[in-house]
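Structure data follow from my_file-v8.csv (CSV, C-alpha atoms and all ligand atoms):
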chain,number,residue,atom,x,y,z
W,1,MET,CA,8.4,-6.7,39.3
W,2,ALA,CA,5.9,-5.7,41.9
W,3,ILE,CA,6.5,-6.1,45.7
W,4,GLU,CA,3.5,-7.8,47.0
W,5,ARG,CA,2.3,-9.2,50.4
W,6,THR,CA,0.7,-12.6,50.8
W,7,PHE,CA,-0.7,-14.6,53.7
W,8,SER,CA,0.6,-17.9,55.0
W,9,ILE,CA,-0.6,-20.5,57.5
W,10,ILE,CA,1.6,-23.3,58.8
W,11,LYS,CA,-1.3,-25.7,59.6
W,12,PRO,CA,-1.7,-27.9,62.7
W,13,ASP,CA,-0.1,-31.0,61.3
W,14,ALA,CA,3.2,-29.2,60.5
W,15,VAL,CA,3.2,-27.3,63.8
W,16,ALA,CA,2.7,-30.6,65.7
W,17,LYS,CA,5.7,-32.1,63.8
W,18,ASN,CA,8.0,-29.2,64.6
W,19,HIS,CA,8.3,-28.1,61.0
W,20,ILE,CA,7.9,-24.3,61.7
W,21,GLY,CA,11.5,-23.5,61.4
W,22,ALA,CA,12.1,-25.6,58.3
W,23,ILE,CA,9.1,-24.0,56.6
W,24,TYR,CA,10.2,-20.5,57.6
W,25,ASN,CA,13.6,-21.4,56.0
W,26,ARG,CA,11.8,-22.2,52.7
W,27,PHE,CA,10.2,-18.7,52.8
W,28,GLU,CA,13.5,-16.9,53.4
W,29,THR,CA,15.5,-19.0,50.9
W,30,ALA,CA,12.9,-18.0,48.3
W,31,GLY,CA,13.4,-14.3,49.1
W,32,LEU,CA,10.1,-13.9,50.9
W,33,LYS,CA,10.5,-11.7,54.0
W,34,ILE,CA,8.3,-12.3,57.1
W,35,VAL,CA,6.7,-9.0,58.0
W,36,ALA,CA,4.2,-10.3,60.7
W,37,ALA,CA,3.8,-13.6,62.5
W,38,LYS,CA,1.9,-15.1,65.4
W,39,MET,CA,0.7,-18.4,66.8
W,40,LEU,CA,-3.0,-19.0,67.2
W,41,HIS,CA,-5.4,-21.8,68.0
W,42,LEU,CA,-8.4,-21.1,65.8
W,43,THR,CA,-12.0,-21.3,67.1
W,44,LYS,CA,-14.6,-23.1,65.0
W,45,GLU,CA,-16.0,-19.6,64.0
W,46,GLN,CA,-12.6,-18.3,63.0
W,47,ALA,CA,-11.9,-21.4,60.8
W,48,GLU,CA,-15.3,-21.3,59.2
W,49,GLY,CA,-15.0,-17.6,58.4
W,50,PHE,CA,-11.5,-18.0,57.0
W,51,TYR,CA,-12.6,-20.8,54.6
W,52,ALA,CA,-16.1,-19.4,54.0
W,53,GLU,CA,-15.6,-19.8,50.2
W,54,HIS,CA,-15.6,-23.6,50.7
W,55,SER,CA,-18.7,-23.7,53.0
W,56,GLU,CA,-20.8,-25.7,50.5
W,57,ARG,CA,-18.0,-28.3,49.7
W,58,GLY,CA,-18.2,-31.8,51.1
W,59,PHE,CA,-14.8,-31.5,52.8
W,60,PHE,CA,-15.8,-28.3,54.7
W,61,GLY,CA,-16.5,-30.0,58.1
W,62,ALA,CA,-13.3,-32.0,58.0
W,63,LEU,CA,-11.3,-28.9,57.0
W,64,VAL,CA,-12.7,-26.9,59.9
W,65,ALA,CA,-12.1,-29.8,62.3
W,66,PHE,CA,-8.5,-30.1,61.1
W,67,MET,CA,-7.8,-26.4,61.2
W,68,THR,CA,-9.0,-26.2,64.8
W,69,SER,CA,-7.3,-29.4,66.0
W,70,GLY,CA,-4.1,-27.6,67.2
W,71,PRO,CA,-2.1,-24.4,67.1
W,72,ILE,CA,-1.1,-22.8,63.8
W,73,MET,CA,1.3,-20.1,62.7
W,74,VAL,CA,0.0,-17.3,60.7
W,75,GLN,CA,2.3,-14.9,58.8
W,76,VAL,CA,2.5,-12.2,56.2
W,77,LEU,CA,5.2,-12.6,53.6
W,78,GLU,CA,6.6,-9.7,51.5
W,79,GLY,CA,8.5,-9.9,48.2
W,80,GLU,CA,8.6,-9.7,44.5
W,81,ASN,CA,5.4,-11.4,43.1
W,82,ALA,CA,4.9,-12.8,46.6
W,83,VAL,CA,1.5,-14.4,45.9
W,84,LEU,CA,2.7,-16.6,43.0
W,85,ALA,CA,6.2,-17.1,44.4
W,86,HIS,CA,4.6,-18.4,47.6
W,87,ARG,CA,2.2,-20.7,45.8
W,88,GLU,CA,5.0,-22.1,43.8
W,89,ILE,CA,7.1,-23.1,46.8
W,90,LEU,CA,4.0,-24.5,48.5
W,91,GLY,CA,3.2,-27.0,45.7
W,92,ALA,CA,-0.1,-28.6,44.7
W,93,THR,CA,-3.0,-28.9,47.2
W,94,ASN,CA,-2.6,-32.7,47.1
W,95,PRO,CA,0.9,-33.5,48.3
W,96,ALA,CA,0.9,-36.6,46.2
W,97,GLN,CA,0.8,-34.3,43.2
W,98,ALA,CA,3.1,-31.6,44.6
W,99,ALA,CA,6.4,-31.1,42.7
W,100,PRO,CA,9.5,-32.5,44.4
W,101,GLY,CA,11.2,-30.0,46.8
W,102,THR,CA,8.0,-28.1,47.5
W,103,ILE,CA,6.7,-27.6,51.1
W,104,ARG,CA,3.7,-29.9,50.6
W,105,ALA,CA,5.8,-32.6,48.9
W,106,ASP,CA,8.2,-32.5,51.8
W,107,PHE,CA,6.1,-31.9,54.9
W,108,ALA,CA,2.4,-33.0,54.1
W,109,GLN,CA,0.8,-36.4,54.3
W,110,SER,CA,-2.5,-35.9,52.6
W,111,ILE,CA,-4.9,-33.4,50.8
W,112,ASP,CA,-6.7,-33.0,54.1
W,113,GLU,CA,-3.6,-32.4,56.2
W,114,ASN,CA,-1.4,-30.5,53.8
W,115,ALA,CA,1.0,-28.6,56.0
W,116,ALA,CA,0.5,-25.0,54.8
W,117,HIS,CA,-1.8,-22.5,53.2
W,118,GLY,CA,-1.0,-19.7,50.8
W,119,SER,CA,-3.3,-17.0,49.4
W,120,ASP,CA,-4.4,-17.7,45.8
W,121,SER,CA,-4.6,-14.1,44.6
W,122,LEU,CA,-3.8,-10.6,45.6
W,123,ALA,CA,-7.4,-10.0,46.5
W,124,SER,CA,-7.5,-13.1,48.7
W,125,ALA,CA,-4.2,-12.0,50.3
W,126,GLU,CA,-5.6,-8.6,51.3
W,127,ARG,CA,-8.7,-10.2,52.8
W,128,GLU,CA,-6.8,-12.9,54.6
W,129,ILE,CA,-4.1,-10.5,56.0
W,130,ALA,CA,-6.9,-8.2,57.3
W,131,TYR,CA,-8.7,-11.3,58.8
W,132,PHE,CA,-5.8,-12.0,61.2
W,133,PHE,CA,-3.6,-8.9,61.5
W,134,SER,CA,-4.2,-5.2,62.3
W,135,ALA,CA,-2.2,-2.6,60.3
W,136,GLU,CA,0.0,-1.9,63.3
W,137,GLU,CA,1.1,-5.5,63.4
W,138,LEU,CA,2.7,-5.4,60.0
W,139,CYS,CA,6.4,-4.4,59.8
W,140,PRO,CA,7.4,-3.3,56.3
W,141,ARG,CA,10.9,-4.5,55.5
W,142,THR,CA,13.2,-1.8,54.1
W,143,ARG,CA,16.4,-3.9,54.2
W,201,LIG,P1,-5.3,-23.6,50.9
W,201,LIG,O1,-6.4,-22.7,50.7
W,201,LIG,O2,-5.4,-24.3,52.3
W,201,LIG,O3,-3.9,-22.9,50.7
W,201,LIG,O4,-5.3,-24.8,49.8
W,201,LIG,P2,-5.5,-24.6,48.3
W,201,LIG,O5,-5.7,-23.2,47.9
W,201,LIG,O6,-4.3,-25.3,47.6
W,201,LIG,O7,-6.8,-25.4,48.1
W,201,LIG,P3,-8.3,-25.0,48.3
W,201,LIG,O8,-9.1,-25.4,47.0
W,201,LIG,O9,-8.4,-23.6,48.7
W,201,LIG,O10,-8.8,-25.9,49.4
W,201,LIG,C1,-8.6,-25.5,50.8
W,201,LIG,C2,-8.2,-26.8,51.6
W,201,LIG,O11,-9.3,-27.7,51.6
W,201,LIG,C3,-8.8,-29.0,51.6
W,201,LIG,N1,-9.4,-29.7,50.4
W,201,LIG,N2,-9.8,-30.9,50.4
W,201,LIG,N3,-10.8,-33.4,49.8
W,201,LIG,C4,-10.7,-32.5,48.8
W,201,LIG,O12,-11.0,-32.7,47.7
W,201,LIG,C5,-10.2,-31.2,49.2
W,201,LIG,N4,-10.0,-30.2,48.4
W,201,LIG,C6,-9.5,-29.2,49.2
W,201,LIG,C7,-7.3,-29.0,51.5
W,201,LIG,O13,-6.8,-29.2,52.8
W,201,LIG,C8,-7.1,-27.5,51.0
W,201,LIG,O14,-5.8,-27.1,51.5
W,202,MG,MG,-7.1,-22.0,48.9
I need this file expressed as structure tokens, please.
Amino acid sequence: MAIERTFSIIKPDAVAKNHIGAIYNRFETAGLKIVAAKMLHLTKEQAEGFYAEHSERGFFGALVAFMTSGPIMVQVLEGENAVLAHREILGATNPAQAAPGTIRADFAQSIDENAAHGSDSLASAEREIAYFFSAEELCPRTR
């Protein structure tokens, strides 16, 4: 299996509720290693750029307002099939439809405030990692 890197955000709702550690525990229990991490409070421009693919959607304004409403944690996760493995432990976009035991089922309230983000493909992961991290900020894990 391929070792991949994927990009994760712990969103403002989960940071506000002190769920950072619990969500990091989910990553590590799933075998995903954190190879970069920092806390940020996004500007409107940063949030709009990150979610540019959704700019024509009706929920875009609410999404940007939510993502700029408080600090977030951004991190890069490394592991076997990391993109898919991470999406699986995240659960469905709408927490009401997320499988029991997933991050969104356990920590999210609604589709608008859904606790965490995960890259949906390797191409998205590369773009999103580069959006927030320089190459020097990534720490490959050899053990
Ligand atoms: P994310 O990018 O945040 O990991 O979420 P996702 O891939 O599961 O879902 P995506 O389609 O990329 O949507 C991005 C975020 O927009 C909000 N959303 N609201 N009201 C709606 O119908 C709707 N659809 C999407 C969600 O907060 C979602 O996480
Ligand atoms: Mg998405």
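Minimum distance to ligand LIG 201 (chain W) across W:Asn25, W:Thr102, W:Thr93, W:Asn18 (counting all atoms listed in the file) occurs at W:Thr93.
Residue nearest ligand LIG 201 (chain W), chosen from W:Thr142, W:Asn114, W:Ser55, W:Thr6 and counting all atoms listed in the file: W:Asn114.
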Handout entry: Spatial neighbours of stretch 19-24 of chain W, 8 Å, all atoms listed in the file, chain gap at least 2 places, as a PyMOL selection string
Key = chain W and resi 10+14-17+26-28+73+103+107
Practice task
Go through the chains and note each residue within 10 Å of ligand LIG 201 (chain W), using only C-alpha atoms and all ligand atoms, then give the set as a VMD selection string.
Solution key: chain W and resid 7 to 11 50 to 51 53 to 54 57 to 64 66 to 67 87 90 to 95 104 110 to 121 124
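Our summary of the geometry notes that atom CA of W:Ala125 is positioned 23.1 Å from atom CA of W:Ala99.
The smallest atom-to-atom distance between W:Asp106 and any of W:Arg141, W:Leu122, W:Ile89, W:Val35, using all atoms listed in the file, is found for W:Ile89.
Using only C-alpha atoms and all ligand atoms for every distance, the candidate list W:Gln75, W:Thr43, W:Val83, W:Lys33 yields W:Val83 as the residue closest to ligand MG 202 (chain W).
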Show me, as a short mmCIF file (atom, residue, chain, number, x, y, z; two decimals) with C-alpha atoms, in the frame of the given file, the residues that have an atom within 9 Å of W:Lys44 when counting all atoms listed in the file, minus same-chain residues fewer than 3 positions from it.
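Dumped to selection13.cif:
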data_model
loop_
_atom_site.label_atom_id
_atom_site.label_comp_id
_atom_site.auth_asym_id
_atom_site.auth_seq_id
_atom_site.Cartn_x
_atom_site.Cartn_y
_atom_site.Cartn_z
CA ALA W 47 -11.90 -21.40 60.80
CA GLU W 48 -15.30 -21.30 59.20
CA GLY W 49 -15.00 -17.60 58.40
CA VAL W 64 -12.70 -26.90 59.90
CA ALA W 65 -12.10 -29.80 62.30
CA MET W 67 -7.80 -26.40 61.20
CA THR W 68 -9.00 -26.20 64.80
#
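Separating atom CA of W:His86 from atom CA of W:Arg127 is a distance of 16.5 Å.
Put simply, atom CA of W:Asp13 is 27.3 Å away from atom CA of W:Asn81.
Comparing W:Glu4, W:Glu56, W:Glu45, W:Glu78 by their smallest distance to W:Pro140, the closest is W:Glu78 (using all atoms listed in the file).
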Exercise for the section: May I ask which of the residues W:Pro12, W:Gly101, W:Glu128, W:Leu40 is the closest one to ligand MG 202 (chain W), counting all atoms listed in the file? Expected result: W:Glu128
